[in-house]
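A.B. asks: Just so it is clear, I am handing over final-v4.csv, which has CSV, C-alpha atoms.
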chain,number,residue,atom,x,y,z
A,1,ASP,CA,0.0,0.0,0.0
A,2,GLN,CA,1.8,3.1,-1.3
A,3,GLN,CA,0.9,5.9,1.1
A,4,VAL,CA,3.0,8.5,-0.8
A,5,LYS,CA,2.8,8.6,-4.5
A,6,GLN,CA,4.8,10.4,-7.2
A,7,ASN,CA,2.8,9.7,-10.4
A,8,SER,CA,5.4,11.2,-12.8
A,9,PRO,CA,8.4,8.9,-13.1
A,10,SER,CA,10.2,11.5,-15.2
A,11,LEU,CA,10.3,15.1,-16.1
A,12,SER,CA,12.4,17.1,-18.6
A,13,VAL,CA,12.8,20.9,-18.3
A,14,GLN,CA,14.8,23.5,-20.2
A,15,GLU,CA,17.6,25.2,-18.2
A,16,GLY,CA,16.3,28.4,-16.7
A,17,ARG,CA,12.7,27.4,-16.6
A,18,ILE,CA,10.6,26.2,-13.7
A,19,SER,CA,10.6,22.5,-12.6
A,20,ILE,CA,7.5,21.4,-10.7
A,21,LEU,CA,7.5,18.0,-9.1
A,22,ASN,CA,4.4,16.6,-7.6
A,23,CYS,CA,3.6,14.3,-4.7
A,24,ASP,CA,0.3,13.0,-3.3
A,25,TYR,CA,-0.4,11.2,0.0
A,26,THR,CA,-3.3,9.2,1.3
A,27,ASN,CA,-2.7,9.3,5.1
A,28,SER,CA,-4.3,12.4,6.7
A,29,MET,CA,-2.3,11.8,9.8
A,30,PHE,CA,0.9,12.9,8.0
A,31,ASP,CA,2.0,16.3,9.2
A,32,TYR,CA,5.7,16.5,8.2
A,33,PHE,CA,6.9,16.3,4.6
A,34,LEU,CA,10.4,16.2,3.1
A,35,TRP,CA,12.0,16.3,-0.3
A,36,TYR,CA,15.2,14.5,-1.1
A,37,LYS,CA,17.5,14.6,-4.1
A,38,LYS,CA,19.4,11.5,-5.2
A,39,TYR,CA,22.3,11.2,-7.7
A,40,PRO,CA,23.2,7.8,-9.0
A,41,ALA,CA,25.4,5.7,-6.7
A,42,GLU,CA,24.8,8.1,-3.8
A,43,GLY,CA,22.4,8.2,-0.9
A,44,PRO,CA,19.5,10.6,-0.9
A,45,THR,CA,20.3,14.1,0.2
A,46,PHE,CA,17.9,16.2,2.2
A,47,LEU,CA,16.6,19.2,0.3
A,48,ILE,CA,13.7,20.9,2.0
A,49,SER,CA,10.9,20.2,4.5
A,50,ILE,CA,7.5,21.5,5.4
A,51,SER,CA,5.3,20.9,8.4
A,52,SER,CA,1.5,20.9,8.2
A,53,ILE,CA,1.2,24.2,10.0
A,54,LYS,CA,2.6,25.9,6.9
A,55,ASP,CA,1.5,25.9,3.3
A,56,LYS,CA,4.8,27.1,1.8
A,57,ASN,CA,8.5,26.9,2.6
A,58,GLU,CA,11.2,28.5,0.6
A,59,ASP,CA,15.0,27.9,0.5
A,60,GLY,CA,16.8,29.7,-2.3
A,61,ARG,CA,15.7,28.3,-5.6
A,62,PHE,CA,13.6,25.6,-4.0
A,63,THR,CA,10.0,26.1,-2.7
A,64,VAL,CA,7.7,23.4,-1.4
A,65,PHE,CA,3.9,24.0,-1.4
A,66,LEU,CA,1.5,22.0,0.8
A,67,ASN,CA,-2.2,21.6,0.1
A,68,LYS,CA,-3.6,19.7,3.0
A,69,SER,CA,-7.1,19.5,1.8
A,70,ALA,CA,-6.0,17.9,-1.4
A,71,LYS,CA,-3.3,15.9,0.3
A,72,HIS,CA,-0.8,17.2,-2.2
A,73,LEU,CA,2.6,18.8,-2.1
A,74,SER,CA,4.8,20.1,-4.8
A,75,LEU,CA,8.4,21.1,-5.2
A,76,HIS,CA,9.2,24.1,-7.4
A,77,ILE,CA,12.8,24.7,-8.6
A,78,VAL,CA,13.3,28.1,-10.2
A,79,PRO,CA,15.4,28.6,-12.2
A,80,SER,CA,16.3,25.0,-13.1
A,81,GLN,CA,20.0,24.2,-13.6
A,82,PRO,CA,21.6,21.2,-15.3
A,83,GLY,CA,23.1,20.2,-11.8
A,84,ASP,CA,19.5,19.8,-10.6
A,85,SER,CA,19.2,16.7,-12.8
A,86,ALA,CA,18.6,13.9,-10.3
A,87,VAL,CA,15.9,11.7,-8.8
A,88,TYR,CA,13.7,13.5,-6.4
A,89,PHE,CA,11.8,11.7,-3.6
A,90,CYS,CA,9.1,13.1,-1.4
A,91,ALA,CA,8.6,11.6,2.0
A,92,ALA,CA,6.0,12.0,4.7
A,93,SER,CA,5.6,11.2,8.4
A,94,TRP,CA,3.2,11.9,11.2
A,95,ASP,CA,6.0,12.9,13.6
A,96,THR,CA,9.6,13.8,13.0
A,97,GLY,CA,10.6,10.9,15.2
A,98,ASN,CA,8.7,8.3,13.3
A,99,GLN,CA,9.4,6.4,10.1
A,100,PHE,CA,9.1,8.3,6.8
A,101,TYR,CA,7.2,6.9,3.9
A,102,PHE,CA,8.8,7.6,0.6
A,103,GLY,CA,7.3,8.0,-2.9
A,104,THR,CA,8.8,6.1,-5.9
A,105,GLY,CA,10.7,9.2,-7.1
A,106,THR,CA,10.7,11.5,-10.1
A,107,SER,CA,13.7,11.6,-12.4
A,108,LEU,CA,14.3,15.3,-13.4
A,109,THR,CA,16.4,16.1,-16.4
A,110,VAL,CA,17.4,19.7,-16.9
A,111,ILE,CA,18.4,20.3,-20.6
A,112,PRO,CA,21.1,22.9,-21.1
B,1,ASP,CA,30.1,13.2,3.4
B,2,SER,CA,26.8,12.9,5.3
B,3,GLY,CA,28.4,11.5,8.5
B,4,VAL,CA,26.5,8.2,8.1
B,5,THR,CA,28.8,5.4,7.1
B,6,GLN,CA,27.8,2.0,5.6
B,7,THR,CA,29.9,-1.0,4.9
B,8,PRO,CA,30.5,-2.8,2.7
B,9,LYS,CA,29.8,-0.6,-0.4
B,10,HIS,CA,29.2,-3.6,-2.6
B,11,LEU,CA,28.4,-7.2,-1.8
B,12,ILE,CA,28.0,-10.1,-4.2
B,13,THR,CA,26.8,-13.4,-2.9
B,14,ALA,CA,24.8,-16.4,-3.9
B,15,THR,CA,21.2,-17.5,-3.3
B,16,GLY,CA,20.7,-19.1,0.0
B,17,GLN,CA,23.5,-17.3,1.7
B,18,ARG,CA,23.4,-14.9,4.6
B,19,VAL,CA,25.0,-11.4,4.8
B,20,THR,CA,25.3,-8.6,7.3
B,21,LEU,CA,25.2,-4.9,6.4
B,22,ARG,CA,26.6,-2.4,8.8
B,23,CYS,CA,25.7,1.2,9.5
B,24,SER,CA,27.3,3.8,11.8
B,25,PRO,CA,25.0,6.7,12.4
B,26,ARG,CA,26.1,10.4,12.4
B,27,SER,CA,27.5,11.4,15.8
B,28,GLY,CA,24.8,12.3,18.2
B,29,ASP,CA,22.0,10.6,16.2
B,30,LEU,CA,19.9,8.1,18.2
B,31,SER,CA,17.6,7.0,15.5
B,32,VAL,CA,18.6,4.6,12.7
B,33,TYR,CA,16.5,3.7,9.8
B,34,TRP,CA,16.9,1.0,7.1
B,35,TYR,CA,15.5,1.3,3.6
B,36,GLN,CA,15.6,-0.9,0.6
B,37,GLN,CA,15.6,0.4,-3.0
B,38,SER,CA,15.0,-2.2,-5.7
B,39,LEU,CA,15.3,-1.5,-9.4
B,40,ASP,CA,12.9,1.3,-10.5
B,41,GLN,CA,11.3,1.2,-7.0
B,42,GLY,CA,11.1,3.9,-4.4
B,43,LEU,CA,12.6,3.7,-1.0
B,44,GLN,CA,10.9,1.0,1.0
B,45,PHE,CA,11.0,1.4,4.8
B,46,LEU,CA,12.3,-1.7,6.5
B,47,ILE,CA,12.8,-0.9,10.2
B,48,GLN,CA,13.7,1.9,12.6
B,49,TYR,CA,15.7,1.8,15.9
B,50,TYR,CA,15.9,4.5,18.5
B,51,ASN,CA,18.6,4.3,21.1
B,52,GLY,CA,18.9,0.5,20.9
B,53,GLU,CA,15.1,-0.3,20.8
B,54,GLU,CA,13.0,-1.2,17.8
B,55,ARG,CA,10.7,1.7,17.2
B,56,ALA,CA,8.9,0.9,14.0
B,57,LYS,CA,8.7,-1.9,11.5
B,58,GLY,CA,7.8,-1.6,7.8
B,59,ASN,CA,7.8,-4.2,5.1
B,60,ILE,CA,10.6,-6.2,6.4
B,61,LEU,CA,10.7,-9.9,5.5
B,62,GLU,CA,11.0,-12.5,8.2
B,63,ARG,CA,14.3,-13.6,6.6
B,64,PHE,CA,15.6,-10.1,7.5
B,65,SER,CA,16.5,-8.9,11.0
B,66,ALA,CA,18.3,-5.9,12.4
B,67,GLN,CA,19.6,-4.6,15.7
B,68,GLN,CA,21.1,-1.5,17.1
B,69,PHE,CA,24.0,-1.9,19.5
B,70,PRO,CA,24.9,0.1,22.6
B,71,ASP,CA,27.4,2.2,20.6
B,72,LEU,CA,24.4,3.0,18.3
B,73,HIS,CA,25.7,1.3,15.2
B,74,SER,CA,23.3,-0.9,13.5
B,75,GLU,CA,23.4,-4.1,11.5
B,76,LEU,CA,20.9,-5.5,9.0
B,77,ASN,CA,21.1,-9.3,8.6
B,78,LEU,CA,19.7,-10.8,5.4
B,79,SER,CA,19.4,-14.6,5.3
B,80,SER,CA,18.3,-17.3,2.8
B,81,LEU,CA,18.9,-14.7,0.1
B,82,GLU,CA,16.9,-14.8,-3.1
B,83,LEU,CA,17.5,-13.2,-6.4
B,84,GLY,CA,14.8,-10.6,-5.6
B,85,ASP,CA,16.8,-9.4,-2.6
B,86,SER,CA,19.3,-7.7,-4.9
B,87,ALA,CA,18.9,-4.0,-4.2
B,88,LEU,CA,20.5,-0.9,-2.7
B,89,TYR,CA,20.2,-0.9,1.1
B,90,PHE,CA,20.3,2.5,2.7
B,91,CYS,CA,20.8,3.4,6.3
B,92,ALA,CA,19.7,6.8,7.6
B,93,SER,CA,20.1,8.4,11.0
B,94,SER,CA,18.5,11.3,12.7
B,95,ARG,CA,18.3,13.2,16.0
B,96,GLN,CA,14.9,14.1,17.5
B,97,GLY,CA,13.0,16.6,15.5
B,98,ALA,CA,15.4,16.5,12.5
B,99,SER,CA,15.2,15.0,9.1
B,100,PRO,CA,16.9,11.6,8.4
B,101,ILE,CA,20.4,11.8,6.8
B,102,PHE,CA,21.3,9.0,4.5
B,103,GLY,CA,24.4,7.0,4.1
B,104,PRO,CA,25.9,6.1,0.7
B,105,GLY,CA,24.2,2.7,0.6
B,106,THR,CA,25.3,-0.9,0.2
B,107,ARG,CA,24.6,-2.5,-3.2
B,108,LEU,CA,23.7,-6.1,-2.7
B,109,THR,CA,23.8,-8.5,-5.7
B,110,VAL,CA,22.5,-12.0,-5.3
B,111,LEU,CA,23.5,-14.4,-8.1
When written as structure tokens, how does the structure in this file appear?
C.D. replies:
Amino acid sequence: DQQVKQNSPSLSVQEGRISILNCDYTNSMFDYFLWYKKYPAEGPTFLISISSIKDKNEDGRFTVFLNKSAKHLSLHIVPSQPGDSAVYFCAASWDTGNQFYFGTGTSLTVIP
Amino acid sequence: DSGVTQTPKHLITATGQRVTLRCSPRSGDLSVYWYQQSLDQGLQFLIQYYNGEERAKGNILERFSAQQFPDLHSELNLSSLELGDSALYFCASSRQGASPIFGPGTRLTVL
């Protein structure tokens, strides 16, 4: 039972444009959400997080939006750079101390 | 370098064998998580330990077991290995209230 879903396995974007990666979840108890970035042959690297008391969190070129009523979150990367090409995973938990459920990932390719 | 170390980096073994994967968490982190990533799959949560105690269990097979030792390092034991167990196994650690930090992973190949 996949509680966190990333329905787009891949996404291609031109350099300089916006990348939007989407994530849906089914468990309404989730209140803490993370995005990770993963390069081949490396472990996932933490990117940005958001708690359910917010609907937006921004860190440089990366912004995460949370729509609790729709059980949907998205990661915006503006402007996209070739170095952003990686697999992006979203993850959710009902407490920062509990296990995190991960989506299946979206492979982003930024075309120079 | 995330501060989380995993050994070995690569492991090749045969079906029916048993292997042990090791993880040393980042200094100060009490929680250790184990995840499995199979080909084209997401990260499947296996198990979590907190300060030596099992805290949460995910889709971990009965052939797999784990433990966290007093020095907080953790081991994941995989036995009666099958071809389908070939995957990347990631360990992550965290401190209370913080996001998990992942190690570089162990690539297991079962022939």
A.B. asks: Suppose you want the space between CA of Asp55 in chain A and CA of Leu34 in chain A; what is it in Å?
C.D. replies: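 Between CA of Asp55 in chain A and CA of Leu34 in chain A the gap is 13.2 Å.
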A.B. asks: Give me, please, the distance in Å between CA of Ala87 in chain B and CA of Gln67 in chain B, quoted to one decimal.
C.D. replies: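 CA of Gln67 in chain B lies at a distance of 19.9 Å from CA of Ala87 in chain B.
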A.B. asks: May I ask which of the residues B:Asn51, B:Gln6, B:Gln44, B:Thr15 is the closest one to chain A, counting only C-alpha atoms?
C.D. replies: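 Checking each candidate against chain A, we get B:Gln44 as the closest.
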A.B. asks: With 8 Å as the threshold, what does the neighbourhood of (-3.8, 16.0, 2.6) contain in terms of residues, counting all atoms listed in the file? Coordinates are those of the file; answer as an MDAnalysis selection string.
C.D. replies: chainID A and resid 24:28 30 67:72
A.B. asks: If you take all atoms listed in the file and a cut-off of 8 Å, which residues of chain A touch chain B, and what are their nearest atom pairs and distances in Å to one decimal, in chain and number order, as CSV?
C.D. replies:
residue,atom,partner,partner_atom,distance
A:Leu34,CA,B:Ser99,CA,7.8
A:Ala41,CA,B:Pro104,CA,7.4
A:Glu42,CA,B:Pro104,CA,5.0
A:Gly43,CA,B:Pro104,CA,4.4
A:Pro44,CA,B:Phe102,CA,5.9
A:Thr45,CA,B:Phe102,CA,6.7
A:Phe46,CA,B:Ile101,CA,6.8
A:Phe89,CA,B:Gly42,CA,7.9
A:Thr96,CA,B:Gly97,CA,5.1
A:Gly97,CA,B:Gln96,CA,5.8
A:Asn98,CA,B:Ala56,CA,7.4
A:Gln99,CA,B:Gln48,CA,6.7
A:Phe100,CA,B:Phe45,CA,7.4
A:Tyr101,CA,B:Phe45,CA,6.7
A:Phe102,CA,B:Leu43,CA,5.7
A:Gly103,CA,B:Gly42,CA,5.8
A:Thr104,CA,B:Gly42,CA,3.5
A:Gly105,CA,B:Gly42,CA,6.0
A.B. asks: Select, from A:Thr109, A:Gln3, A:Asn57, A:Ser51, the residue with the minimum atom-to-atom distance to Ile18 in chain A, counting only C-alpha atoms.
C.D. replies: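 Of A:Thr109, A:Gln3, A:Asn57, A:Ser51, the one nearest Ile18 in chain A is A:Thr109, counting only C-alpha atoms.
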A.B. asks: Take the point (8.9, 27.9, -10.8) as written in the file and pick out every residue within 7 Å of it, counting all atoms listed in the file; give the list as a PDB file with C-alpha atoms, in the frame of the given file.
C.D. replies:
ATOM      1  CA  ARG A  17      12.700  27.400 -16.600  1.00  0.00           C
ATOM      2  CA  ILE A  18      10.600  26.200 -13.700  1.00  0.00           C
ATOM      3  CA  SER A  19      10.600  22.500 -12.600  1.00  0.00           C
ATOM      4  CA  ILE A  20       7.500  21.400 -10.700  1.00  0.00           C
ATOM      5  CA  HIS A  76       9.200  24.100  -7.400  1.00  0.00           C
ATOM      6  CA  ILE A  77      12.800  24.700  -8.600  1.00  0.00           C
ATOM      7  CA  VAL A  78      13.300  28.100 -10.200  1.00  0.00           C
ATOM      8  CA  PRO A  79      15.400  28.600 -12.200  1.00  0.00           C
TER       9      PRO A  79
END
A.B. asks: Could you pull the residues within 8 Å of Ser8 in chain A, counting only C-alpha atoms, minus those fewer than 3 positions along the same chain, as a list in words?
C.D. replies: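 Listed by chain and then number, they are Leu11, Asn22 and Thr106 of chain A.
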A.B. asks: Please, what distance in Å, to one decimal, runs between CA of Leu21 in chain B and CA of Tyr36 in chain A?
C.D. replies: 23.1 Å
A.B. asks: Mind checking which residues fall within 7 Å of Ala86 in chain A, counting only C-alpha atoms, ignoring those fewer than 2 positions away in the same chain, and posting them as a list in words?
C.D. replies: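 Contacts, with the query itself left out: Lys37, Lys38, Tyr39, Asp84, Tyr88, Ser107, Leu108 and Thr109 of chain A.
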A.B. asks: Of the residues A:Ser52, A:Gln14, A:Asn7, A:Leu75, which is the one nearest to Trp35 in chain A, using only C-alpha atoms?
C.D. replies: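 Of all the options, A:Leu75 lies closest to Trp35 in chain A.
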A.B. asks: Within 8 Å of Asp59 in chain A, counting all atoms listed in the file, which residues qualify if same-chain residues fewer than 3 places away don't, as a VMD selection string?
C.D. replies: chain A and resid 48 62 to 63
A.B. asks: Which one of B:Leu30, B:Cys23, B:Leu111, B:Leu11 sits closest to Ala66 in chain B if you count only C-alpha atoms?
C.D. replies: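 For Ala66 in chain B, the nearest of the given residues is B:Cys23.
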A.B. asks: For Leu76 in chain B, which residue out of B:Thr20, B:Ser38, B:Thr13, B:Thr5 is the nearest one, using all atoms listed in the file?
C.D. replies: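 Among B:Thr20, B:Ser38, B:Thr13, B:Thr5, it is B:Thr20 that comes nearest to Leu76 in chain B.
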A.B. asks: Is there a way to complete range 9-20 of chain B with all heavy atoms and then write that out as a PDB file, in the frame of the given file?
C.D. replies:
ATOM      1  N   LYS B   9      30.452  -1.409   0.687  1.00  0.00           N
ATOM      2  CA  LYS B   9      29.800  -0.600  -0.400  1.00  0.00           C
ATOM      3  C   LYS B   9      29.144  -1.513  -1.375  1.00  0.00           C
ATOM      4  O   LYS B   9      28.069  -1.182  -1.883  1.00  0.00           O
ATOM      5  CB  LYS B   9      30.917   0.223  -1.048  1.00  0.00           C
ATOM      6  CG  LYS B   9      30.376   1.373  -1.845  1.00  0.00           C
ATOM      7  CD  LYS B   9      31.500   2.355  -2.178  1.00  0.00           C
ATOM      8  CE  LYS B   9      30.903   3.586  -2.842  1.00  0.00           C
ATOM      9  NZ  LYS B   9      31.922   4.608  -3.119  1.00  0.00           N
ATOM     10  N   HIS B  10      29.791  -2.615  -1.679  1.00  0.00           N
ATOM     11  CA  HIS B  10      29.200  -3.600  -2.600  1.00  0.00           C
ATOM     12  C   HIS B  10      29.344  -4.974  -2.008  1.00  0.00           C
ATOM     13  O   HIS B  10      30.299  -5.264  -1.280  1.00  0.00           O
ATOM     14  CB  HIS B  10      30.009  -3.602  -3.943  1.00  0.00           C
ATOM     15  CG  HIS B  10      30.037  -2.285  -4.637  1.00  0.00           C
ATOM     16  ND1 HIS B  10      29.005  -1.831  -5.437  1.00  0.00           N
ATOM     17  CD2 HIS B  10      30.978  -1.309  -4.657  1.00  0.00           C
ATOM     18  CE1 HIS B  10      29.309  -0.641  -5.917  1.00  0.00           C
ATOM     19  NE2 HIS B  10      30.497  -0.307  -5.469  1.00  0.00           N
ATOM     20  N   LEU B  11      28.381  -5.811  -2.319  1.00  0.00           N
ATOM     21  CA  LEU B  11      28.400  -7.200  -1.800  1.00  0.00           C
ATOM     22  C   LEU B  11      27.773  -8.077  -2.882  1.00  0.00           C
ATOM     23  O   LEU B  11      26.667  -7.811  -3.363  1.00  0.00           O
ATOM     24  CB  LEU B  11      27.534  -7.226  -0.541  1.00  0.00           C
ATOM     25  CG  LEU B  11      27.658  -8.387   0.436  1.00  0.00           C
ATOM     26  CD1 LEU B  11      29.093  -8.687   0.770  1.00  0.00           C
ATOM     27  CD2 LEU B  11      26.886  -8.060   1.701  1.00  0.00           C
ATOM     28  N   ILE B  12      28.525  -9.095  -3.264  1.00  0.00           N
ATOM     29  CA  ILE B  12      28.000 -10.100  -4.200  1.00  0.00           C
ATOM     30  C   ILE B  12      28.010 -11.418  -3.551  1.00  0.00           C
ATOM     31  O   ILE B  12      29.019 -11.843  -3.010  1.00  0.00           O
ATOM     32  CB  ILE B  12      28.898 -10.102  -5.505  1.00  0.00           C
ATOM     33  CG1 ILE B  12      28.947  -8.719  -6.159  1.00  0.00           C
ATOM     34  CG2 ILE B  12      28.359 -11.129  -6.494  1.00  0.00           C
ATOM     35  CD1 ILE B  12      29.903  -8.619  -7.331  1.00  0.00           C
ATOM     36  N   THR B  13      26.877 -12.074  -3.613  1.00  0.00           N
ATOM     37  CA  THR B  13      26.800 -13.400  -2.900  1.00  0.00           C
ATOM     38  C   THR B  13      25.815 -14.264  -3.725  1.00  0.00           C
ATOM     39  O   THR B  13      25.283 -13.862  -4.761  1.00  0.00           O
ATOM     40  CB  THR B  13      26.276 -13.147  -1.488  1.00  0.00           C
ATOM     41  OG1 THR B  13      26.343 -14.394  -0.782  1.00  0.00           O
ATOM     42  CG2 THR B  13      24.849 -12.639  -1.469  1.00  0.00           C
ATOM     43  N   ALA B  14      25.619 -15.450  -3.226  1.00  0.00           N
ATOM     44  CA  ALA B  14      24.800 -16.400  -3.900  1.00  0.00           C
ATOM     45  C   ALA B  14      23.463 -16.630  -3.212  1.00  0.00           C
ATOM     46  O   ALA B  14      23.321 -16.323  -2.024  1.00  0.00           O
ATOM     47  CB  ALA B  14      25.542 -17.751  -4.045  1.00  0.00           C
ATOM     48  N   THR B  15      22.510 -17.173  -3.940  1.00  0.00           N
ATOM     49  CA  THR B  15      21.200 -17.500  -3.300  1.00  0.00           C
ATOM     50  C   THR B  15      21.401 -18.450  -2.163  1.00  0.00           C
ATOM     51  O   THR B  15      22.294 -19.294  -2.193  1.00  0.00           O
ATOM     52  CB  THR B  15      20.223 -18.082  -4.322  1.00  0.00           C
ATOM     53  OG1 THR B  15      20.845 -19.225  -4.934  1.00  0.00           O
ATOM     54  CG2 THR B  15      19.865 -17.076  -5.405  1.00  0.00           C
ATOM     55  N   GLY B  16      20.592 -18.248  -1.138  1.00  0.00           N
ATOM     56  CA  GLY B  16      20.700 -19.100   0.000  1.00  0.00           C
ATOM     57  C   GLY B  16      21.635 -18.666   1.095  1.00  0.00           C
ATOM     58  O   GLY B  16      21.595 -19.171   2.220  1.00  0.00           O
ATOM     59  N   GLN B  17      22.475 -17.717   0.751  1.00  0.00           N
ATOM     60  CA  GLN B  17      23.500 -17.300   1.700  1.00  0.00           C
ATOM     61  C   GLN B  17      22.929 -16.214   2.667  1.00  0.00           C
ATOM     62  O   GLN B  17      21.797 -15.752   2.536  1.00  0.00           O
ATOM     63  CB  GLN B  17      24.682 -16.652   0.944  1.00  0.00           C
ATOM     64  CG  GLN B  17      25.438 -17.650   0.097  1.00  0.00           C
ATOM     65  CD  GLN B  17      26.046 -18.755   0.930  1.00  0.00           C
ATOM     66  OE1 GLN B  17      26.812 -18.509   1.862  1.00  0.00           O
ATOM     67  NE2 GLN B  17      25.707 -19.989   0.610  1.00  0.00           N
ATOM     68  N   ARG B  18      23.787 -15.860   3.636  1.00  0.00           N
ATOM     69  CA  ARG B  18      23.400 -14.900   4.600  1.00  0.00           C
ATOM     70  C   ARG B  18      24.481 -13.760   4.627  1.00  0.00           C
ATOM     71  O   ARG B  18      25.680 -14.064   4.514  1.00  0.00           O
ATOM     72  CB  ARG B  18      23.389 -15.522   6.017  1.00  0.00           C
ATOM     73  CG  ARG B  18      23.201 -14.583   7.195  1.00  0.00           C
ATOM     74  CD  ARG B  18      23.415 -15.335   8.501  1.00  0.00           C
ATOM     75  NE  ARG B  18      23.507 -14.420   9.630  1.00  0.00           N
ATOM     76  CZ  ARG B  18      22.488 -14.083  10.400  1.00  0.00           C
ATOM     77  NH1 ARG B  18      21.292 -14.579  10.184  1.00  0.00           N
ATOM     78  NH2 ARG B  18      22.669 -13.238  11.397  1.00  0.00           N
ATOM     79  N   VAL B  19      24.030 -12.508   4.741  1.00  0.00           N
ATOM     80  CA  VAL B  19      25.000 -11.400   4.800  1.00  0.00           C
ATOM     81  C   VAL B  19      24.579 -10.425   5.878  1.00  0.00           C
ATOM     82  O   VAL B  19      23.431 -10.415   6.355  1.00  0.00           O
ATOM     83  CB  VAL B  19      24.989 -10.619   3.415  1.00  0.00           C
ATOM     84  CG1 VAL B  19      25.485 -11.511   2.286  1.00  0.00           C
ATOM     85  CG2 VAL B  19      23.628 -10.023   3.100  1.00  0.00           C
ATOM     86  N   THR B  20      25.553  -9.618   6.285  1.00  0.00           N
ATOM     87  CA  THR B  20      25.300  -8.600   7.300  1.00  0.00           C
ATOM     88  C   THR B  20      25.777  -7.250   6.754  1.00  0.00           C
ATOM     89  O   THR B  20      26.920  -7.103   6.307  1.00  0.00           O
ATOM     90  CB  THR B  20      26.071  -8.904   8.600  1.00  0.00           C
ATOM     91  OG1 THR B  20      25.568 -10.133   9.131  1.00  0.00           O
ATOM     92  CG2 THR B  20      25.861  -7.807   9.620  1.00  0.00           C
TER      93      THR B  20
END
